[in-house]
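File shown here: model-v1.txt, holding compact mmCIF, C-alpha atoms and all ligand atoms.
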```txt
# COMPACT_ATOMS: atom_id res chain seq x y z
CA MET A 192 25.48 -7.92 4.91
CA ALA A 193 21.76 -7.35 4.57
CA LYS A 194 20.68 -9.90 2.00
CA LYS A 195 18.13 -8.78 -0.54
CA THR A 196 14.95 -10.68 0.21
CA TYR A 197 13.05 -9.98 -2.99
CA ASP A 198 13.53 -10.22 -6.74
CA LEU A 199 11.94 -7.01 -7.95
CA LEU A 200 10.65 -3.69 -6.67
CA PHE A 201 7.82 -1.90 -8.50
CA LYS A 202 6.72 1.64 -7.66
CA PHE A 203 3.03 2.37 -8.22
CA LEU A 204 1.14 5.66 -8.12
CA LEU A 205 -2.54 6.48 -7.75
CA ILE A 206 -3.68 9.36 -9.97
CA GLY A 207 -7.03 10.97 -10.71
CA ASP A 208 -9.37 13.76 -9.66
CA SER A 209 -9.93 14.59 -6.05
CA GLY A 210 -12.73 12.52 -4.48
CA VAL A 211 -12.59 9.50 -6.80
CA GLY A 212 -11.36 7.24 -3.97
CA LYS A 213 -7.57 7.07 -4.36
CA THR A 214 -6.91 7.33 -0.64
CA CYS A 215 -9.56 4.70 0.09
CA ILE A 216 -7.99 2.34 -2.43
CA LEU A 217 -4.74 2.59 -0.50
CA PHE A 218 -6.16 3.10 2.96
CA ARG A 219 -9.25 0.97 3.02
CA PHE A 220 -10.53 1.83 6.43
CA SER A 221 -10.09 5.58 6.39
CA ASP A 222 -13.61 6.43 7.43
CA HIS A 223 -14.34 3.25 9.27
CA ALA A 224 -14.40 2.57 13.00
CA PHE A 225 -10.67 3.14 13.28
CA SER A 226 -10.88 6.70 12.06
CA THR A 227 -10.17 7.95 15.56
CA SER A 228 -6.86 6.16 15.64
CA PHE A 229 -3.54 7.95 15.48
CA ILE A 230 -2.61 6.48 12.10
CA SER A 231 -5.76 7.56 10.29
CA THR A 232 -5.33 11.07 11.68
CA ILE A 233 -1.86 11.55 10.20
CA GLY A 234 -2.54 9.50 7.05
CA ILE A 235 -0.64 6.90 5.06
CA ASP A 236 2.12 8.07 2.73
CA PHE A 237 2.82 4.74 1.05
CA LYS A 238 2.57 1.01 1.53
CA ILE A 239 4.90 -1.84 0.82
CA LYS A 240 3.25 -5.11 -0.18
CA THR A 241 4.88 -8.36 -1.18
CA VAL A 242 3.32 -10.48 -3.90
CA GLU A 243 4.47 -13.65 -5.62
CA LEU A 244 4.07 -13.71 -9.36
CA ARG A 245 5.38 -16.49 -11.53
CA GLY A 246 7.77 -17.64 -8.86
CA LYS A 247 9.19 -14.18 -8.31
CA LYS A 248 8.95 -12.28 -5.08
CA ILE A 249 7.90 -8.74 -5.92
CA LYS A 250 7.72 -5.76 -3.59
CA LEU A 251 5.10 -3.21 -4.54
CA GLN A 252 5.54 0.27 -3.18
CA ILE A 253 2.26 2.12 -3.61
CA TRP A 254 2.02 5.90 -3.23
CA ASP A 255 -0.99 8.11 -2.71
CA THR A 256 -0.98 11.80 -3.58
CA ALA A 257 -1.00 14.18 -0.66
CA GLY A 258 -3.91 15.99 -2.27
CA GLN A 259 -1.80 17.80 -4.89
CA GLU A 260 -4.30 16.72 -7.55
CA ARG A 261 -6.68 19.37 -6.28
CA PHE A 262 -4.29 22.08 -7.39
CA HIS A 263 -3.17 20.30 -10.57
CA THR A 264 0.38 20.41 -9.32
CA ILE A 265 1.27 16.82 -10.03
CA THR A 266 4.57 17.12 -11.77
CA THR A 267 7.71 15.26 -12.62
CA SER A 268 8.92 14.80 -9.07
CA TYR A 269 5.81 12.85 -8.08
CA TYR A 270 6.09 10.60 -11.13
CA ARG A 271 9.81 9.94 -10.70
CA GLY A 272 10.66 6.27 -10.63
CA ALA A 273 7.05 5.17 -11.12
CA MET A 274 6.65 1.97 -13.10
CA GLY A 275 2.90 1.61 -12.76
CA ILE A 276 0.06 4.12 -12.58
CA MET A 277 -3.51 3.50 -11.49
CA LEU A 278 -5.62 6.18 -13.14
CA VAL A 279 -8.85 6.41 -11.20
CA TYR A 280 -12.26 7.95 -11.95
CA ASP A 281 -15.58 7.75 -10.15
CA ILE A 282 -18.38 5.94 -12.04
CA THR A 283 -20.92 8.23 -10.33
CA ASN A 284 -19.21 11.43 -11.47
CA GLU A 285 -19.08 12.34 -15.17
CA LYS A 286 -16.47 15.07 -14.74
CA THR A 287 -13.92 12.70 -13.22
CA PHE A 288 -14.32 10.45 -16.26
CA GLU A 289 -13.92 13.33 -18.71
CA ASN A 290 -10.73 14.30 -16.92
CA ILE A 291 -9.15 10.92 -17.63
CA ALA A 292 -7.97 12.30 -20.97
CA LYS A 293 -6.34 15.23 -19.17
CA TRP A 294 -4.60 12.94 -16.72
CA LEU A 295 -3.32 10.81 -19.57
CA ARG A 296 -1.74 13.91 -21.11
CA ASN A 297 -0.25 14.86 -17.74
CA ILE A 298 1.24 11.38 -17.45
CA ASP A 299 2.64 11.56 -20.99
CA GLU A 300 4.22 14.87 -20.16
CA HIS A 301 5.75 14.02 -16.80
CA ALA A 302 6.08 10.30 -16.29
CA ASN A 303 8.55 7.83 -17.67
CA GLU A 304 7.72 6.94 -21.24
CA ASP A 305 7.30 3.23 -20.65
CA VAL A 306 5.23 3.51 -17.47
CA GLU A 307 2.47 0.89 -17.38
CA LYS A 308 -1.02 2.32 -16.91
CA MET A 309 -4.39 1.00 -15.86
CA ILE A 310 -7.73 2.81 -15.69
CA LEU A 311 -9.97 2.11 -12.69
CA GLY A 312 -13.66 3.01 -12.60
CA ASN A 313 -14.12 3.17 -8.84
CA LYS A 314 -17.22 3.13 -6.60
CA CYS A 315 -18.85 0.31 -8.59
CA ASP A 316 -20.79 -0.55 -5.44
CA MET A 317 -22.94 2.53 -6.15
CA GLU A 318 -24.77 1.07 -9.14
CA GLU A 319 -27.87 3.19 -8.49
CA ASN A 320 -25.84 6.38 -8.90
CA ARG A 321 -23.84 5.28 -11.91
CA VAL A 322 -23.49 7.82 -14.71
CA VAL A 323 -20.51 6.33 -16.57
CA SER A 324 -21.27 2.98 -18.18
CA THR A 325 -18.79 0.13 -18.10
CA GLU A 326 -18.66 0.28 -21.92
CA ARG A 327 -17.43 3.87 -21.90
CA GLY A 328 -14.68 2.91 -19.49
CA GLU A 329 -13.67 -0.02 -21.64
CA SER A 330 -13.77 2.09 -24.76
CA ILE A 331 -11.45 4.86 -23.51
CA ALA A 332 -9.05 2.22 -22.25
CA ARG A 333 -9.08 0.43 -25.60
CA GLU A 334 -8.54 3.71 -27.41
CA HIS A 335 -5.36 4.30 -25.43
CA GLY A 336 -4.32 0.67 -25.39
CA ILE A 337 -4.37 0.29 -21.62
CA ARG A 338 -6.03 -1.99 -19.13
CA PHE A 339 -9.35 -1.29 -17.45
CA MET A 340 -11.25 -2.56 -14.45
CA GLU A 341 -14.15 -1.41 -12.30
CA THR A 342 -13.42 -1.40 -8.59
CA SER A 343 -14.91 -0.60 -5.23
CA ALA A 344 -12.62 0.43 -2.42
CA LYS A 345 -15.67 0.40 -0.19
CA ALA A 346 -16.75 -3.18 -0.89
CA ASN A 347 -13.21 -4.35 -1.67
CA VAL A 348 -13.99 -5.42 -5.21
CA ASN A 349 -11.09 -5.93 -7.61
CA ILE A 350 -8.58 -3.85 -5.64
CA ASP A 351 -5.96 -6.55 -5.05
CA ARG A 352 -6.68 -7.97 -8.48
CA ALA A 353 -6.03 -4.61 -10.14
CA PHE A 354 -2.66 -4.26 -8.44
CA GLY A 355 -1.84 -7.86 -9.31
CA GLU A 356 -2.63 -7.33 -12.99
CA LEU A 357 -0.62 -4.15 -13.20
CA ALA A 358 2.33 -5.91 -11.57
CA GLU A 359 1.89 -8.78 -13.98
CA ALA A 360 1.94 -6.42 -16.96
CA ILE A 361 5.18 -4.80 -15.80
CA LEU A 362 6.73 -8.16 -15.11
CA GLU A 363 5.77 -9.35 -18.57
CA LYS A 364 7.24 -6.25 -20.16
CA THR A 365 10.50 -6.17 -18.23
CA HIS A 366 11.16 -9.87 -17.76
CA GLY A 367 8.96 -11.42 -20.44
CA LYS A 368 11.69 -13.29 -22.23
CA GLU A 369 13.04 -14.79 -19.07
CA LEU A 370 9.55 -15.81 -17.93
CA HIS A 371 8.62 -17.53 -21.15
CA ASP A 372 11.81 -19.50 -20.97
CA ALA A 373 11.07 -20.63 -17.45
CA PRO A 374 9.57 -24.13 -17.39
CA ASP A 375 7.50 -23.70 -14.24
CA ARG A 376 5.40 -20.86 -15.53
CA VAL A 377 2.00 -20.74 -13.86
CA THR A 378 -1.22 -19.51 -15.34
CA VAL A 379 -2.89 -16.65 -13.61
CA ASP A 380 -6.22 -17.07 -11.98
CA ARG A 381 -8.62 -14.69 -13.68
CA ARG A 382 -11.57 -15.08 -11.39
CA VAL A 383 -13.04 -11.92 -9.94
CA GLU A 384 -11.99 -11.55 -6.38
CA ARG A 385 -14.83 -10.47 -4.16
CA SER A 386 -15.08 -10.16 -0.45
CA SER A 387 -18.03 -8.14 0.52
CA THR A 388 -17.57 -6.94 4.04
CA ARG A 389 -14.78 -4.39 3.81
CA TRP A 390 -15.71 -0.75 3.80
CA CYS A 391 -13.27 1.98 3.06
CA MET B 1487 -0.68 -7.09 23.22
CA SER B 1488 -1.41 -8.34 26.69
CA GLU B 1489 0.70 -11.41 26.04
CA GLU B 1490 3.97 -11.34 27.92
CA ASN B 1491 6.69 -12.48 25.54
CA PRO B 1492 10.11 -12.59 27.09
CA GLU B 1493 12.33 -11.39 24.32
CA SER B 1494 14.87 -14.17 24.98
CA LEU B 1495 12.37 -16.69 23.58
CA LEU B 1496 11.80 -14.68 20.45
CA LYS B 1497 15.34 -14.12 19.27
CA ASN B 1498 18.00 -16.56 18.17
CA ASP B 1499 21.68 -16.55 19.15
CA ALA B 1500 22.42 -13.87 16.60
CA GLY B 1501 19.69 -11.67 18.07
CA LYS B 1502 17.42 -12.14 15.06
CA ASN B 1503 13.71 -12.87 15.20
CA LYS B 1504 13.12 -16.64 15.38
CA ASP B 1505 9.50 -16.43 14.26
CA LYS B 1506 7.56 -14.65 11.58
CA VAL B 1507 6.02 -11.39 12.68
CA PHE B 1508 2.30 -10.74 12.09
CA CYS B 1509 -0.28 -8.06 12.76
CA THR B 1510 -2.18 -8.83 15.96
CA PHE B 1511 -5.54 -7.96 14.39
CA CYS B 1512 -5.43 -9.61 10.98
CA PRO B 1513 -3.38 -12.28 9.12
CA SER B 1514 -1.04 -9.75 7.48
CA LYS B 1515 2.61 -10.79 7.63
CA VAL B 1516 5.00 -7.99 8.57
CA LEU B 1517 8.39 -9.75 8.66
CA ASN B 1518 9.92 -13.08 7.73
CA GLN B 1519 12.04 -15.05 10.19
CA GLY B 1520 15.55 -13.80 10.74
CA SER B 1521 14.98 -10.49 8.98
CA ALA B 1522 15.20 -8.17 12.00
CA THR B 1523 17.53 -7.72 14.97
CA PHE B 1524 16.52 -7.22 18.58
CA VAL B 1525 17.49 -3.84 20.00
CA ASN B 1526 16.93 -2.06 23.26
CA ILE B 1527 16.03 1.51 22.45
CA GLN B 1528 13.72 3.89 24.24
CA PHE B 1529 10.96 5.35 22.09
CA SER B 1530 7.43 6.40 22.96
CA LEU B 1531 4.73 5.27 20.57
CA PRO B 1532 1.25 6.78 20.50
CA TYR B 1533 -1.41 4.33 21.65
CA MET B 1534 -3.10 2.25 18.93
CA GLN B 1535 -6.56 3.38 19.98
CA ARG B 1536 -7.52 6.56 21.68
CA LYS B 1537 -9.11 5.66 24.94
CA GLY B 1538 -11.36 8.65 25.18
CA ASP B 1539 -11.47 12.41 25.17
CA GLY B 1540 -8.40 14.30 26.13
CA GLN B 1541 -6.01 11.40 25.74
CA ALA B 1542 -5.22 11.98 22.12
CA ASP B 1543 -1.56 12.66 22.65
CA GLU B 1544 -0.78 9.98 25.14
CA ARG B 1545 2.15 7.75 24.40
CA GLU B 1546 3.46 4.48 25.70
CA SER B 1547 7.14 4.19 26.48
CA ILE B 1548 8.53 1.07 24.78
CA SER B 1549 12.09 -0.23 24.72
CA ASP B 1550 12.01 -3.66 23.03
CA TYR B 1551 12.12 -3.34 19.27
CA TRP B 1552 12.96 -5.30 16.15
CA LEU B 1553 15.40 -3.26 14.10
CA VAL B 1554 14.87 -3.46 10.33
CA GLU B 1555 17.79 -2.00 8.38
CA ASP B 1556 16.16 -1.72 4.97
CA MET B 1557 12.53 -0.77 4.58
CA TYR B 1558 12.08 -3.16 1.67
CA THR B 1559 12.75 -6.04 4.05
CA PHE B 1560 9.15 -5.71 5.23
CA GLU B 1561 6.76 -8.21 3.73
CA ASN B 1562 3.85 -5.82 4.21
CA ILE B 1563 3.85 -2.45 5.93
CA GLY B 1564 1.98 0.84 5.89
CA VAL B 1565 4.09 3.98 6.27
CA SER B 1566 2.52 7.18 7.59
CA ASN B 1567 3.10 10.75 6.57
CA THR B 1568 6.03 12.40 8.31
CA VAL B 1569 5.69 13.89 11.78
CA GLU B 1570 8.86 15.53 13.13
CA ASN B 1571 11.32 13.41 11.20
CA VAL B 1572 9.51 10.20 12.04
CA LYS B 1573 7.18 8.05 10.00
CA TYR B 1574 4.93 5.70 11.93
CA LEU B 1575 4.44 2.11 10.81
CA ALA B 1576 1.10 0.35 10.59
CA CYS B 1577 -0.34 -2.89 9.31
CA ALA B 1578 -0.57 -2.70 5.51
CA ASP B 1579 -3.89 -4.52 5.44
CA CYS B 1580 -5.95 -3.28 8.37
CA GLU B 1581 -3.99 -0.07 8.98
CA ARG B 1582 -3.93 -0.53 12.71
CA GLY B 1583 -0.95 0.94 14.42
CA PRO B 1584 1.45 2.38 15.15
CA ILE B 1585 3.31 -0.89 15.50
CA GLY B 1586 6.61 0.90 15.13
CA TRP B 1587 8.45 3.84 13.62
CA HIS B 1588 10.87 4.76 10.87
CA ASP B 1589 13.73 7.21 11.42
CA LEU B 1590 14.09 9.40 8.32
CA LYS B 1591 17.66 10.37 9.19
CA THR B 1592 19.09 6.87 9.66
CA LYS B 1593 16.54 5.15 7.37
CA LYS B 1594 16.13 2.46 9.99
CA SER B 1595 12.78 1.05 11.07
CA TYR B 1596 11.73 -0.32 14.44
CA ILE B 1597 8.84 -2.67 15.24
CA ALA B 1598 7.67 -2.91 18.86
CA LEU B 1599 7.73 -6.52 20.04
CA SER B 1600 4.71 -5.84 22.22
CA ARG B 1601 2.56 -4.66 19.31
CA VAL B 1602 2.92 -7.61 16.95
CA LYS B 1603 2.29 -11.35 17.03
CA HIS B 1604 5.12 -13.88 16.75
CA ALA B 1605 4.32 -17.23 15.15
N1 LIG C 1701 -19.40 4.19 -2.34
C1 LIG C 1701 -18.08 4.31 -2.42
N2 LIG C 1701 -17.48 5.40 -1.89
C2 LIG C 1701 -16.14 5.50 -2.00
C3 LIG C 1701 -15.35 4.51 -2.62
N3 LIG C 1701 -14.05 4.89 -2.58
C4 LIG C 1701 -14.04 6.08 -1.94
N4 LIG C 1701 -15.30 6.45 -1.59
C5 LIG C 1701 -15.69 7.70 -0.90
O1 LIG C 1701 -15.34 8.77 -1.73
C6 LIG C 1701 -14.85 9.88 -0.96
C7 LIG C 1701 -13.48 10.32 -1.45
O2 LIG C 1701 -12.55 9.27 -1.24
P1 LIG C 1701 -10.98 9.53 -1.14
O3 LIG C 1701 -10.32 8.22 -1.04
O4 LIG C 1701 -10.67 10.52 -0.08
O5 LIG C 1701 -10.68 10.19 -2.56
P2 LIG C 1701 -9.34 10.85 -3.11
O6 LIG C 1701 -9.53 12.32 -3.04
O7 LIG C 1701 -9.23 10.36 -4.52
O8 LIG C 1701 -8.20 10.36 -2.26
C8 LIG C 1701 -14.86 9.41 0.47
O9 LIG C 1701 -16.03 9.91 1.09
C9 LIG C 1701 -14.94 7.91 0.38
O10 LIG C 1701 -15.61 7.34 1.47
C10 LIG C 1701 -16.02 3.33 -3.16
O11 LIG C 1701 -15.44 2.41 -3.72
N5 LIG C 1701 -17.39 3.32 -3.02
MG MG C 1702 -6.74 11.48 -1.26
ZN ZN C 1703 -3.58 -5.95 10.30
```
Could you write out this structure as structure tokens?
Amino acid sequence: MAKKTYDLLFKFLLIGDSGVGKTCILFRFSDHAFSTSFISTIGIDFKIKTVELRGKKIKLQIWDTAGQERFHTITTSYYRGAMGIMLVYDITNEKTFENIAKWLRNIDEHANEDVEKMILGNKCDMEENRVVSTERGESIAREHGIRFMETSAKANVNIDRAFGELAEAILEKTHGKELHDAPDRVTVDRRVERSSTRWC
Amino acid sequence: MSEENPESLLKNDAGKNKDKVFCTFCPSKVLNQGSATFVNIQFSLPYMQRKGDGQADERESISDYWLVEDMYTFENIGVSNTVENVKYLACADCERGPIGWHDLKTKKSYIALSRVKHA
């Protein structure tokens, strides 16, 4: 009886060293004024968000790790069913950038072969503490043939855009043919989204 | 939340929600029209904001809920970690909640009429 109200469901994961901002990317207000609330105390497991891309209604289910990354125990069960992975490092922390290569190997080992990846250099609001240049981020992404973007969960820079682009990439890969045949195809707005007042 | 919404005005003849359901604090849309069914079920939800010291565990007894059969029916929702077989539901954009709860055994979700906006 229950009619399906969406066209596609994409499962996304956030991966990367502890402290890079994965939880903030998902849970933007975690150390804000609401931190005394019941929800922030128990934490968010996942979110469901609905986006419209090229006339299709897509449900994104986005999962955070429950801190397993600290013990390097992210294995096959966490990756199961994932179609998109946001691989996050901290632009103010060299080590987290060096570990991107390790995470890529972990993903190769455990995740679905055709999972779509994107590298995020987070905390780009902390320009004065930057130790990883944008060029180095771009270069490792190019080397591995994946997308790259710098983000700030704190200032809400590029977060929604990053998820939108990853969804777009999966859509293109899985339904590309169908989309190119569709006459009402819309071009994607590539402007940088920026709203400055949200702190994570 | 202070608004008194008689449930009879909010549901149609089939018991479904007539209006879209939104977060009361931000523009985030939680449910489309006609995607949930009114049910009378007793469940105590923790308060959205702690009022002060020593009231951390206080709960409000609520009985008017929108029943959502399939979690993917939600337009936008935040789902908490599990506490005693229950996951609490919050706004996906501003994280305020709980606005409802999800029963892990039955896989059904419930949104409190009194904690959302109907428009
Ligand atoms: N300046 C700044 N701090 C951030 C940002 N994202 C996260 N943080 C901070 O980094 C710390 C770790 O964030 P968290 O989300 O818990 O990292 P996780 O371990 O990857 O989940 C917290 O103190 C956050 O407030 C950001 O974009 N900018
Ligand atoms: Mg975390
Ligand atoms: Zn909200």
Would you tabulate, counting only C-alpha atoms and all ligand atoms, all residues of chain B that have an atom at most 8 Å from an atom of ligand ZN 1703 (chain C), showing the closest pair of atoms and their distance in Å to one decimal, sorted by chain then ascending number, as a Markdown table?
```
| residue | atom | partner | partner_atom | distance |
| --- | --- | --- | --- | --- |
| B:Phe1508 | CA | C:ZN1703 | ZN | 7.8 |
| B:Cys1509 | CA | C:ZN1703 | ZN | 4.6 |
| B:Thr1510 | CA | C:ZN1703 | ZN | 6.5 |
| B:Phe1511 | CA | C:ZN1703 | ZN | 5.0 |
| B:Cys1512 | CA | C:ZN1703 | ZN | 4.2 |
| B:Pro1513 | CA | C:ZN1703 | ZN | 6.4 |
| B:Ser1514 | CA | C:ZN1703 | ZN | 5.4 |
| B:Ala1576 | CA | C:ZN1703 | ZN | 7.9 |
| B:Cys1577 | CA | C:ZN1703 | ZN | 4.6 |
| B:Ala1578 | CA | C:ZN1703 | ZN | 6.5 |
| B:Asp1579 | CA | C:ZN1703 | ZN | 5.1 |
| B:Cys1580 | CA | C:ZN1703 | ZN | 4.1 |
| B:Glu1581 | CA | C:ZN1703 | ZN | 6.0 |
| B:Arg1582 | CA | C:ZN1703 | ZN | 5.9 |
```
Write the residues of the selection above to a file with C-alpha atoms, as an mmCIF file, in the frame of the given file.
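The new file out_30.cif reads:
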```
data_model
loop_
_atom_site.group_PDB
_atom_site.id
_atom_site.type_symbol
_atom_site.label_atom_id
_atom_site.label_comp_id
_atom_site.auth_asym_id
_atom_site.auth_seq_id
_atom_site.Cartn_x
_atom_site.Cartn_y
_atom_site.Cartn_z
ATOM 1 C CA PHE B 1508 2.300 -10.740 12.090
ATOM 2 C CA CYS B 1509 -0.280 -8.060 12.760
ATOM 3 C CA THR B 1510 -2.180 -8.830 15.960
ATOM 4 C CA PHE B 1511 -5.540 -7.960 14.390
ATOM 5 C CA CYS B 1512 -5.430 -9.610 10.980
ATOM 6 C CA PRO B 1513 -3.380 -12.280 9.120
ATOM 7 C CA SER B 1514 -1.040 -9.750 7.480
ATOM 8 C CA ALA B 1576 1.100 0.350 10.590
ATOM 9 C CA CYS B 1577 -0.340 -2.890 9.310
ATOM 10 C CA ALA B 1578 -0.570 -2.700 5.510
ATOM 11 C CA ASP B 1579 -3.890 -4.520 5.440
ATOM 12 C CA CYS B 1580 -5.950 -3.280 8.370
ATOM 13 C CA GLU B 1581 -3.990 -0.070 8.980
ATOM 14 C CA ARG B 1582 -3.930 -0.530 12.710
#
```
Discussion item. If the limit is 7 Å from any atom of ligand LIG 1701 (chain C), counting only C-alpha atoms and all ligand atoms, which residues qualify? Return them as a list in words.
Written reply: Gly207, Asp208, Ser209, Gly210, Val211, Gly212, Lys213, Thr214, Cys215, Ile216, Asp222, Gly258, Asn313, Lys314, Cys315, Asp316, Met317, Thr342, Ser343, Ala344, Lys345, Ala346 and Cys391 of chain A
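Here is the contact set of chain A against chain B, at 6 Å and counting all atoms listed in the file: A:Ser228, A:Gly234, A:Ile235, A:Asp236, A:Phe237, A:Lys238, A:Ile239, A:Lys240, A:Thr241.
Atom CA of A:Leu251 is positioned 11.6 Å from atom CA of A:Asp351.
Atom to atom, atom CA of A:Phe203 and atom CA of A:His335 stand 19.2 Å apart.
Here atom CA of A:Ser268 and atom MG of ligand MG 1702 (chain C) stand 17.8 Å from one another.
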- Test item: residues at most 10 Å from A:Phe339, only C-alpha atoms, excluding those fewer than 3 positions along its chain, as a VMD selection string: chain A and resid 277 to 279 308 to 312 325 328 to 333 336 342 353
What's the 6 Å shell around B:Ser1595, counting all atoms listed in the file, without same-chain residues fewer than 2 positions away, as an MDAnalysis selection string? chainID B and resid 1553:1554 1587:1588
Skip B:Asn1503 itself and residues of its chain fewer than 2 positions away, then list as a VMD selection string all residues within 8 Å of it, counting only C-alpha atoms. chain B and resid 1496 to 1498 1501 1505 to 1506 1519 to 1524 1552
| Within 12 Å of A:Glu359, counting all atoms listed in the file, which residues qualify if same-chain residues fewer than 5 places away don't, as JSON, numbers by chain? | {"A": [199, 201, 242, 243, 244, 245, 246, 247, 248, 249, 251, 274, 275, 307, 308, 309, 338, 352, 353, 354, 364, 365, 366, 367, 370, 377, 378, 379, 380]}
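Distances here use all atoms listed in the file; by that measure, the residue among A:Lys195, A:Asp299, A:Leu200, A:Ile206 closest to ligand MG 1702 (chain C) is A:Ile206.
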Using all atoms listed in the file, the shortest atom-to-atom distance to ligand MG 1702 (chain C) among A:Glu334, A:Asp255, A:Asp198, A:Glu300 belongs to A:Asp255
